[in-house]
file structure-v9.cif (mmCIF, C-alpha atoms)
data_target
loop_
_atom_site.label_atom_id
_atom_site.label_comp_id
_atom_site.auth_asym_id
_atom_site.auth_seq_id
_atom_site.Cartn_x
_atom_site.Cartn_y
_atom_site.Cartn_z
CA MET A 1 90.98 46.11 139.24
CA LYS A 2 89.63 44.45 136.11
CA ILE A 3 86.92 47.12 135.81
CA PHE A 4 89.53 49.90 136.01
CA LYS A 5 91.54 48.24 133.19
CA ILE A 6 88.43 47.93 131.02
CA VAL A 7 87.49 51.57 131.67
CA ALA A 8 91.07 52.70 130.86
CA ILE A 9 91.05 50.72 127.58
CA LEU A 10 87.64 52.15 126.65
CA LEU A 11 88.86 55.70 127.34
CA VAL A 12 91.93 55.16 125.12
CA VAL A 13 89.74 53.73 122.33
CA LEU A 14 87.28 56.63 122.66
CA SER A 15 90.14 59.17 122.58
CA LEU A 16 91.61 57.58 119.42
CA PHE A 17 88.16 57.54 117.80
CA LEU A 18 87.62 61.25 118.55
CA GLU A 19 91.09 62.12 117.17
CA LEU A 20 90.26 60.17 114.01
CA LEU A 21 87.01 62.08 113.61
CA ILE A 22 88.76 65.45 114.09
CA PHE A 23 91.57 64.46 111.68
CA SER A 24 89.14 63.29 109.01
CA GLY A 25 87.17 66.53 109.44
CA ASP A 26 90.36 68.58 109.05
CA SER A 27 91.41 66.54 106.03
CA LYS A 28 87.99 67.04 104.45
CA GLU A 29 88.18 70.77 105.13
CA GLN A 30 91.70 70.92 103.67
CA SER A 31 90.68 68.90 100.61
CA ASN A 32 87.86 71.40 99.89
CA LYS A 33 90.35 74.26 99.65
CA PRO A 34 91.95 75.04 96.29
CA LEU A 35 95.63 74.09 96.07
CA VAL A 36 98.08 76.89 95.24
CA SER A 37 101.65 75.83 94.44
CA VAL A 38 104.57 78.23 94.88
CA SER A 39 108.26 77.75 94.11
CA THR A 40 109.99 80.23 96.44
CA PHE A 41 109.62 81.44 100.00
CA SER A 42 108.81 85.00 98.88
CA LEU A 43 105.87 83.67 96.83
CA TYR A 44 104.77 81.54 99.79
CA ASP A 45 104.88 84.56 102.10
CA ILE A 46 102.83 86.74 99.73
CA THR A 47 100.23 84.00 99.15
CA LYS A 48 99.98 83.14 102.86
CA HIS A 49 99.46 86.76 103.90
CA ILE A 50 96.86 87.48 101.22
CA ALA A 51 94.95 84.19 101.12
CA GLY A 52 95.13 83.31 104.82
CA GLU A 53 93.41 79.96 105.40
CA SER A 54 91.26 80.17 102.26
CA VAL A 55 93.65 78.03 100.19
CA GLN A 56 96.07 75.19 100.80
CA ILE A 57 99.58 76.32 99.85
CA ILE A 58 101.93 73.74 98.39
CA ASN A 59 105.61 74.57 98.75
CA ILE A 60 107.17 73.07 95.65
CA LEU A 61 110.44 73.57 97.50
CA PRO A 62 109.76 72.33 101.06
CA PHE A 63 111.15 74.42 103.93
CA GLY A 64 114.63 73.32 104.94
CA VAL A 65 115.53 71.98 101.49
CA ASP A 66 118.55 73.35 99.66
CA PRO A 67 117.20 75.16 96.57
CA HIS A 68 120.33 74.28 94.59
CA SER A 69 120.13 70.51 95.02
CA PHE A 70 116.34 70.23 94.94
CA GLU A 71 114.73 67.39 93.01
CA LEU A 72 111.02 66.91 92.38
CA THR A 73 109.30 63.97 94.05
CA PRO A 74 106.21 62.16 92.67
CA LYS A 75 104.16 63.48 95.63
CA ILE A 76 105.11 67.13 94.97
CA MET A 77 104.45 66.69 91.24
CA ALA A 78 101.00 65.19 91.97
CA ASN A 79 100.11 68.18 94.20
CA ILE A 80 101.31 70.65 91.57
CA GLU A 81 99.21 68.92 88.91
CA LYS A 82 96.11 69.21 91.16
CA SER A 83 96.71 72.90 91.89
CA SER A 84 94.27 75.62 90.87
CA LEU A 85 97.16 78.11 90.72
CA VAL A 86 100.90 77.66 90.23
CA PHE A 87 103.30 80.56 90.78
CA TYR A 88 106.96 80.13 89.92
CA SER A 89 109.88 82.53 89.90
CA GLY A 90 111.21 82.15 86.36
CA ALA A 91 114.34 83.95 85.11
CA GLY A 92 116.10 80.58 84.83
CA LEU A 93 115.76 79.77 88.54
CA GLU A 94 113.74 76.55 88.17
CA PRO A 95 115.13 74.26 85.45
CA TRP A 96 112.92 71.44 86.79
CA ILE A 97 109.78 73.29 85.64
CA GLU A 98 110.02 71.50 82.28
CA LYS A 99 109.46 68.12 83.98
CA ILE A 100 105.95 68.96 85.17
CA SER A 101 102.68 68.54 83.28
CA PHE A 102 100.31 71.25 84.51
CA SER A 103 96.51 71.15 84.60
CA VAL A 104 96.56 74.97 84.64
CA GLU A 105 98.92 77.44 82.97
CA PRO A 106 101.72 78.12 85.49
CA ILE A 107 102.36 81.82 86.17
CA ASN A 108 105.92 82.94 85.51
CA MET A 109 106.35 85.82 87.96
CA SER A 110 109.48 87.13 86.25
CA LYS A 111 107.21 88.44 83.45
CA TYR A 112 105.73 90.99 85.84
CA VAL A 113 108.85 92.46 87.46
CA HIS A 114 111.95 94.48 86.60
CA LEU A 115 114.84 92.09 85.96
CA ARG A 116 118.38 93.33 86.41
CA LYS A 117 120.59 92.71 83.42
CA LEU A 118 124.13 91.91 84.41
CA ALA A 119 126.95 94.16 83.31
CA GLU A 120 129.93 92.69 81.44
CA GLY A 121 131.92 90.50 83.84
CA GLU A 122 129.37 90.88 86.63
CA HIS A 123 129.04 87.12 87.09
CA HIS A 124 132.08 87.63 89.34
CA SER A 125 131.32 90.90 91.09
CA HIS A 126 129.00 93.86 91.02
CA GLY A 127 130.24 97.40 91.41
CA HIS A 128 127.82 100.27 91.73
CA ASP A 129 129.92 102.41 89.38
CA ASP A 130 129.04 100.36 86.33
CA GLU A 131 125.34 99.99 87.06
CA ASP A 132 124.08 103.04 85.21
CA GLU A 133 124.27 101.45 81.81
CA HIS A 134 121.71 98.82 82.73
CA GLN A 135 119.82 99.88 85.84
CA ASP A 136 117.35 102.22 84.17
CA GLU A 137 116.33 99.88 81.38
CA ASP A 138 112.64 99.60 80.75
CA GLU A 139 111.10 97.31 83.33
CA HIS A 140 109.38 95.24 80.68
CA GLU A 141 112.51 94.64 78.65
CA HIS A 142 112.80 91.08 79.98
CA GLU A 143 109.68 90.10 78.05
CA HIS A 144 111.87 89.99 74.94
CA HIS A 145 114.01 87.27 76.52
CA ASP A 146 113.12 83.61 76.53
CA GLU A 147 111.77 82.26 79.81
CA ASP A 148 114.85 80.09 80.29
CA CYS A 149 117.30 83.02 80.20
CA SER A 150 120.52 81.88 81.80
CA HIS A 151 121.93 83.37 84.98
CA SER A 152 124.71 84.86 82.85
CA GLU A 153 122.18 87.34 81.39
CA LEU A 154 119.79 88.10 84.26
CA ASP A 155 119.88 88.30 88.02
CA PRO A 156 117.09 85.99 89.29
CA HIS A 157 116.99 87.34 92.88
CA TYR A 158 114.39 89.97 91.98
CA TRP A 159 112.19 89.41 95.07
CA LEU A 160 114.79 91.26 97.17
CA ASP A 161 113.64 94.46 95.43
CA PHE A 162 110.63 95.78 97.36
CA GLU A 163 109.11 97.36 94.23
CA ASN A 164 109.25 93.97 92.50
CA MET A 165 107.61 92.40 95.53
CA GLN A 166 104.77 94.92 95.23
CA LYS A 167 104.24 93.91 91.60
CA MET A 168 104.18 90.25 92.66
CA VAL A 169 101.62 91.02 95.37
CA TYR A 170 99.21 92.49 92.81
CA VAL A 171 99.60 89.48 90.50
CA VAL A 172 98.99 86.98 93.32
CA SER A 173 95.96 88.85 94.70
CA ASP A 174 94.41 89.24 91.22
CA GLU A 175 94.84 85.53 90.49
CA LEU A 176 93.40 84.54 93.86
CA ILE A 177 90.35 86.75 93.21
CA LYS A 178 89.83 84.94 89.88
CA ILE A 179 89.56 81.51 91.55
CA LEU A 180 87.78 82.68 94.74
CA PRO A 181 85.86 85.87 93.84
CA GLN A 182 83.79 85.63 97.02
CA ASN A 183 86.95 86.56 98.98
CA LYS A 184 87.72 89.67 96.90
CA SER A 185 87.36 92.25 99.68
CA MET A 186 89.47 90.17 102.11
CA TYR A 187 92.21 89.64 99.54
CA GLU A 188 92.30 93.33 98.64
CA LYS A 189 92.49 94.35 102.29
CA ASN A 190 95.31 91.86 102.95
CA ARG A 191 97.04 92.97 99.75
CA ASP A 192 97.02 96.61 100.86
CA THR A 193 98.40 95.68 104.30
CA TYR A 194 101.22 93.70 102.67
CA ILE A 195 102.02 96.56 100.27
CA LYS A 196 102.27 98.95 103.23
CA MET A 197 104.73 96.57 104.92
CA LEU A 198 106.91 96.57 101.78
CA ILE A 199 106.85 100.38 101.57
CA ASP A 200 107.89 100.53 105.24
CA LEU A 201 110.77 98.12 104.54
CA ASP A 202 111.95 100.28 101.65
CA THR A 203 111.84 103.39 103.88
CA LYS A 204 113.90 101.65 106.56
CA TYR A 205 116.53 100.38 104.10
CA LYS A 206 116.77 103.80 102.47
CA SER A 207 117.19 105.74 105.72
CA GLN A 208 119.33 103.23 107.62
CA LEU A 209 121.79 102.41 104.82
CA HIS A 210 122.17 106.05 103.83
CA SER A 211 125.02 107.05 106.16
CA CYS A 212 127.48 104.17 106.36
CA GLU A 213 131.25 104.36 106.79
CA MET A 214 131.71 101.42 104.43
CA ARG A 215 130.05 101.11 101.03
CA SER A 216 131.25 97.58 100.34
CA VAL A 217 129.98 94.07 101.16
CA ILE A 218 131.57 90.69 100.44
CA LEU A 219 129.30 87.67 99.85
CA ASN A 220 129.76 84.00 99.09
CA HIS A 221 127.55 84.43 96.01
CA ASN A 222 125.97 87.59 94.67
CA PHE A 223 122.31 87.58 95.59
CA LEU A 224 122.34 91.23 96.72
CA GLY A 225 122.59 92.96 93.32
CA TYR A 226 119.10 94.48 93.50
CA VAL A 227 119.65 95.73 97.05
CA ALA A 228 123.10 97.14 96.22
CA ASP A 229 121.76 98.98 93.16
CA LYS A 230 118.90 100.49 95.08
CA TYR A 231 120.73 101.54 98.24
CA ASP A 232 124.03 102.48 96.64
CA PHE A 233 126.71 100.09 97.86
CA HIS A 234 129.27 97.81 96.24
CA VAL A 235 129.10 94.00 96.24
CA ASN A 236 132.01 91.67 95.63
CA SER A 237 131.29 87.93 95.62
CA LEU A 238 133.41 84.81 95.72
CA ASN A 239 131.25 82.74 93.36
CA GLY A 240 129.39 85.34 91.31
CA LEU A 241 125.77 84.27 90.80
CA SER A 242 126.43 80.56 91.32
CA PRO A 243 126.44 79.44 94.97
CA GLU A 244 127.55 75.94 93.95
CA ALA A 245 130.58 76.96 91.88
CA GLU A 246 134.03 76.01 93.13
CA PRO A 247 135.94 79.27 93.54
CA SER A 248 139.27 79.40 91.70
CA ALA A 249 142.56 80.49 93.20
CA SER A 250 142.15 83.83 91.40
CA ASP A 251 138.65 84.28 92.93
CA ILE A 252 140.08 83.75 96.42
CA LYS A 253 142.99 86.09 95.66
CA ARG A 254 140.53 88.74 94.44
CA ILE A 255 138.49 88.51 97.67
CA LEU A 256 141.63 88.66 99.85
CA GLN A 257 142.69 91.79 97.95
CA GLU A 258 139.21 93.30 98.42
CA ILE A 259 139.36 92.64 102.18
CA LYS A 260 142.79 94.26 102.37
CA GLU A 261 141.83 97.33 100.32
CA SER A 262 138.33 97.95 101.69
CA GLY A 263 138.89 97.07 105.33
CA VAL A 264 135.72 94.93 105.32
CA HIS A 265 135.32 93.14 108.65
CA THR A 266 132.37 90.82 107.83
CA LEU A 267 132.02 88.12 105.18
CA PHE A 268 128.47 87.01 104.36
CA TYR A 269 127.23 83.63 103.23
CA GLU A 270 123.77 82.03 103.00
CA SER A 271 122.15 78.92 104.44
CA PHE A 272 122.32 75.60 102.56
CA ILE A 273 125.80 76.19 101.14
CA ASN A 274 129.20 74.71 101.85
CA ALA A 275 130.93 77.51 103.76
CA LYS A 276 134.39 75.89 103.94
CA VAL A 277 136.12 78.41 101.66
CA ILE A 278 134.50 81.42 103.38
CA GLU A 279 135.43 79.95 106.79
CA SER A 280 139.01 79.45 105.61
CA ILE A 281 139.23 83.07 104.36
CA SER A 282 137.74 84.21 107.68
CA ARG A 283 140.41 82.34 109.66
CA ASP A 284 143.25 83.63 107.48
CA THR A 285 142.11 87.27 107.56
CA HIS A 286 140.54 87.37 111.06
CA VAL A 287 137.37 88.72 109.44
CA LYS A 288 134.15 87.40 110.99
CA ILE A 289 131.44 85.60 109.03
CA GLU A 290 127.68 86.12 109.21
CA VAL A 291 124.64 84.57 107.52
CA LEU A 292 122.41 86.66 105.24
CA GLN A 293 119.08 85.27 104.03
CA PRO A 294 118.48 85.42 100.23
CA LEU A 295 114.86 84.24 100.80
CA GLY A 296 114.82 81.69 97.99
CA ASN A 297 113.93 79.24 100.75
CA ILE A 298 114.08 79.22 104.53
CA THR A 299 115.64 76.72 106.92
CA ALA A 300 113.64 74.31 109.06
CA ASP A 301 114.52 76.41 112.15
CA GLU A 302 113.30 79.60 110.46
CA ALA A 303 110.06 77.83 109.53
CA LYS A 304 109.57 76.70 113.16
CA ALA A 305 110.14 80.29 114.29
CA ASN A 306 107.41 81.44 111.85
CA ALA A 307 109.88 83.61 109.92
CA THR A 308 108.32 85.98 107.39
CA TYR A 309 109.66 88.00 104.47
CA ASN A 310 109.37 91.07 106.69
CA SER A 311 111.21 89.59 109.70
CA LEU A 312 114.01 88.14 107.55
CA MET A 313 114.54 91.33 105.54
CA LEU A 314 114.72 93.29 108.82
CA GLN A 315 117.32 90.80 110.10
CA ASN A 316 119.28 91.27 106.87
CA LEU A 317 119.11 95.04 107.33
CA GLU A 318 120.51 94.86 110.87
CA LYS A 319 123.41 92.69 109.71
CA LEU A 320 124.18 94.96 106.75
CA LYS A 321 124.09 98.04 109.00
CA LYS A 322 126.53 96.43 111.42
CA ALA A 323 128.89 95.26 108.64
CA MET A 324 128.83 98.62 106.83
CA ILE A 325 129.04 100.65 110.07
CA CYS A 326 125.88 102.67 109.46
CA HIS A 327 124.78 105.52 111.70
#
call {"tool": "encode", "arguments": {"input": "structure-v9.cif", "output": "structure tokens"}}
result
Amino acid sequence: MKIFKIVAILLVVLSLFLELLIFSGDSKEQSNKPLVSVSTFSLYDITKHIAGESVQIINILPFGVDPHSFELTPKIMANIEKSSLVFYSGAGLEPWIEKISFSVEPINMSKYVHLRKLAEGEHHSHGHDDEDEHQDEDEHEHEHHDEDCSHSELDPHYWLDFENMQKMVYVVSDELIKILPQNKSMYEKNRDTYIKMLIDLDTKYKSQLHSCEMRSVILNHNFLGYVADKYDFHVNSLNGLSPEAEPSASDIKRILQEIKESGVHTLFYESFINAKVIESISRDTHVKIEVLQPLGNITADEAKANATYNSLMLQNLEKLKKAMICH
């Protein structure tokens, strides 16, 4: 019996030793990879699909963390400072960026995309009718704005525009090639595959949102401006561009009036927010509520399910089609 106990103990010790060897090998392999820090899920998804396992991606905003109450930790800051590349969204989305000392110049992605300027009063709602005066502005116009442009001037949710995503893909792949030129052909191949996916998404949105009985959507906060502009529907939001704002009595009255006039039968809200007001409106009006994903960050459950930009935008499309009664 004693021999069996000794053998069992030796096997446990040997198993632990082997695990330690494997772990240290993995850690060494990970530590040899360049660190690339990203501030949003869309940037994570692009980098992951292009770089594969060739880099170690640091999510500045960890999965499952509310983007609106996020605070930097010393560990995240240390990883950012060690990064070979740092991609951040810009357009006023990350006020905490000023707190970081970078070893490399961080790349403000908003410099490479078309940013939607808000129409007068659009911090409350966005109607398609008044878009013409600002939709066709030159796509580089935002370069004349300071990097910390407030949300009152620009709509920061630009990654929901598939053409903007394509521009971001080219920036990320070019920067990855600069730090790992030996992977150029792989990155370009992965880039082209990702671009094709985005073109396919655009085709699906265009065709499937074309013939809808309703041309109106109500959201908790307006993160759908780019999508509404592109696919020709109206957005009315409770909190304008600020998901954290406390809606006033007049905001609630406005939404109740919109529900009554438009016949909308679905109210949308996003993860990480307090949905009490939307739930209350839903109960009072007998209008159902549904979650749409703005893709600033994903939930822990979505991360476990290996959610991607593609899968989440397809889910959003299905929900929009159902709400707008599209054929």
call {"tool": "closest_residue", "arguments": {"input": "structure-v9.cif", "among": "A:Ser262, A:His234, A:Ala51, A:Tyr309", "to": "A:Asn183", "atoms": "only C-alpha atoms"}}
result
A:Ala51
call {"tool": "atom_distance", "arguments": {"input": "structure-v9.cif", "atom1": "atom CA of A:Ala275", "atom2": "atom CA of A:Gln208"}}
result
28.5 Å
call {"tool": "residues_near_point", "arguments": {"input": "structure-v9.cif", "point": "(128.8, 92.2, 110.4)", "cutoff": "7 Å", "atoms": "only C-alpha atoms", "output": "list in words"}}
result
His265, Thr266, Glu290, Lys319, Leu320, Lys322 and Ala323 of chain A
call {"tool": "write_last_selection", "arguments": {"input": "structure-v9.cif", "atoms": "C-alpha atoms", "output": "short mmCIF file (atom, residue, chain, number, x, y, z; two decimals), in the coordinates of the input"}}
result
data_model
loop_
_atom_site.label_atom_id
_atom_site.label_comp_id
_atom_site.auth_asym_id
_atom_site.auth_seq_id
_atom_site.Cartn_x
_atom_site.Cartn_y
_atom_site.Cartn_z
CA HIS A 265 135.32 93.14 108.65
CA THR A 266 132.37 90.82 107.83
CA GLU A 290 127.68 86.12 109.21
CA LYS A 319 123.41 92.69 109.71
CA LEU A 320 124.18 94.96 106.75
CA LYS A 322 126.53 96.43 111.42
CA ALA A 323 128.89 95.26 108.64
#
call {"tool": "residues_near_point", "arguments": {"input": "structure-v9.cif", "point": "(120.8, 73.2, 99.5)", "cutoff": "9 Å", "atoms": "all atoms listed in the file", "output": "list in words"}}
result
Gly64, Val65, Asp66, Pro67, His68, Ser69, Phe70, Ser271, Phe272, Ile273 and Asn274 of chain A
call {"tool": "write_last_selection", "arguments": {"input": "structure-v9.cif", "atoms": "C-alpha atoms", "output": "compact mmCIF listing (two decimals), in the frame of the given file"}}
result
# COMPACT_ATOMS: atom_id res chain seq x y z
CA GLY A 64 114.63 73.32 104.94
CA VAL A 65 115.53 71.98 101.49
CA ASP A 66 118.55 73.35 99.66
CA PRO A 67 117.20 75.16 96.57
CA HIS A 68 120.33 74.28 94.59
CA SER A 69 120.13 70.51 95.02
CA PHE A 70 116.34 70.23 94.94
CA SER A 271 122.15 78.92 104.44
CA PHE A 272 122.32 75.60 102.56
CA ILE A 273 125.80 76.19 101.14
CA ASN A 274 129.20 74.71 101.85
call {"tool": "atom_distance", "arguments": {"input": "structure-v9.cif", "atom1": "atom CA of A:His221", "atom2": "atom CA of A:Asn239"}}
result
4.9 Å
call {"tool": "resolve_selection", "arguments": {"input": "structure-v9.cif", "expression": "the PyMOL selection byres ((chain A and resi 191-201) around 8)", "output": "list in words"}}
result
Ile46, His49, Ile50, Phe162, Glu163, Met165, Gln166, Val169, Tyr170, Ser173, Tyr187, Glu188, Lys189, Asn190, Asp202, Thr203, Lys204, Tyr205, Asn310, Met313 and Leu314 of chain A
call {"tool": "residues_around", "arguments": {"input": "structure-v9.cif", "residues": "A:Glu270", "least_positions_apart": "5", "cutoff": "12 Å", "atoms": "only C-alpha atoms", "output": "count of residues only"}}
result
26
call {"tool": "resolve_selection", "arguments": {"input": "structure-v9.cif", "expression": "the PyMOL selection byres ((chain A and resi 180) around 12)", "output": "PyMOL selection string"}}
result
chain A and resi 33-36+51+54-55+84-85+173-179+181-187
call {"tool": "write_last_selection", "arguments": {"input": "structure-v9.cif", "atoms": "C-alpha atoms", "output": "PDB file, in the coordinates of the input"}}
result
ATOM      1  CA  LYS A  33      90.350  74.260  99.650  1.00  0.00           C
ATOM      2  CA  PRO A  34      91.950  75.040  96.290  1.00  0.00           C
ATOM      3  CA  LEU A  35      95.630  74.090  96.070  1.00  0.00           C
ATOM      4  CA  VAL A  36      98.080  76.890  95.240  1.00  0.00           C
ATOM      5  CA  ALA A  51      94.950  84.190 101.120  1.00  0.00           C
ATOM      6  CA  SER A  54      91.260  80.170 102.260  1.00  0.00           C
ATOM      7  CA  VAL A  55      93.650  78.030 100.190  1.00  0.00           C
ATOM      8  CA  SER A  84      94.270  75.620  90.870  1.00  0.00           C
ATOM      9  CA  LEU A  85      97.160  78.110  90.720  1.00  0.00           C
ATOM     10  CA  SER A 173      95.960  88.850  94.700  1.00  0.00           C
ATOM     11  CA  ASP A 174      94.410  89.240  91.220  1.00  0.00           C
ATOM     12  CA  GLU A 175      94.840  85.530  90.490  1.00  0.00           C
ATOM     13  CA  LEU A 176      93.400  84.540  93.860  1.00  0.00           C
ATOM     14  CA  ILE A 177      90.350  86.750  93.210  1.00  0.00           C
ATOM     15  CA  LYS A 178      89.830  84.940  89.880  1.00  0.00           C
ATOM     16  CA  ILE A 179      89.560  81.510  91.550  1.00  0.00           C
ATOM     17  CA  PRO A 181      85.860  85.870  93.840  1.00  0.00           C
ATOM     18  CA  GLN A 182      83.790  85.630  97.020  1.00  0.00           C
ATOM     19  CA  ASN A 183      86.950  86.560  98.980  1.00  0.00           C
ATOM     20  CA  LYS A 184      87.720  89.670  96.900  1.00  0.00           C
ATOM     21  CA  SER A 185      87.360  92.250  99.680  1.00  0.00           C
ATOM     22  CA  MET A 186      89.470  90.170 102.110  1.00  0.00           C
ATOM     23  CA  TYR A 187      92.210  89.640  99.540  1.00  0.00           C
TER      24      TYR A 187
END
call {"tool": "resolve_selection", "arguments": {"input": "structure-v9.cif", "expression": "the PyMOL selection byres ((chain A and resi 159) around 9)", "output": "compact mmCIF listing (two decimals) with C-alpha atoms, in the frame of the given file"}}
result
# COMPACT_ATOMS: atom_id res chain seq x y z
CA SER A 42 108.81 85.00 98.88
CA LEU A 43 105.87 83.67 96.83
CA SER A 89 109.88 82.53 89.90
CA VAL A 113 108.85 92.46 87.46
CA PRO A 156 117.09 85.99 89.29
CA HIS A 157 116.99 87.34 92.88
CA TYR A 158 114.39 89.97 91.98
CA LEU A 160 114.79 91.26 97.17
CA ASP A 161 113.64 94.46 95.43
CA PHE A 162 110.63 95.78 97.36
CA GLU A 163 109.11 97.36 94.23
CA ASN A 164 109.25 93.97 92.50
CA MET A 165 107.61 92.40 95.53
CA MET A 168 104.18 90.25 92.66
CA TYR A 226 119.10 94.48 93.50
CA LEU A 295 114.86 84.24 100.80
CA GLY A 296 114.82 81.69 97.99
call {"tool": "axis_aligned_box", "arguments": {"input": "structure-v9.cif", "around": "stretch 268-285 of chain A", "padding_each_side": "8 Å", "output": "AutoDock Vina command-line options"}}
result
--center_x 132.7 --center_y 81.0 --center_z 105.4 --size_x 37.1 --size_y 28.6 --size_z 24.5
call {"tool": "closest_residue", "arguments": {"input": "structure-v9.cif", "among": "A:Val171, A:Ile325, A:Met109, A:Leu154", "to": "A:Ser216", "atoms": "all atoms listed in the file"}}
result
A:Ile325
call {"tool": "closest_residue", "arguments": {"input": "structure-v9.cif", "among": "A:Glu246, A:Ala78, A:Glu105, A:Val264", "to": "A:Val217", "atoms": "only C-alpha atoms"}}
result
A:Val264
call {"tool": "atom_distance", "arguments": {"input": "structure-v9.cif", "atom1": "atom CA of A:His210", "atom2": "atom CA of A:Phe233"}}
result
9.6 Å
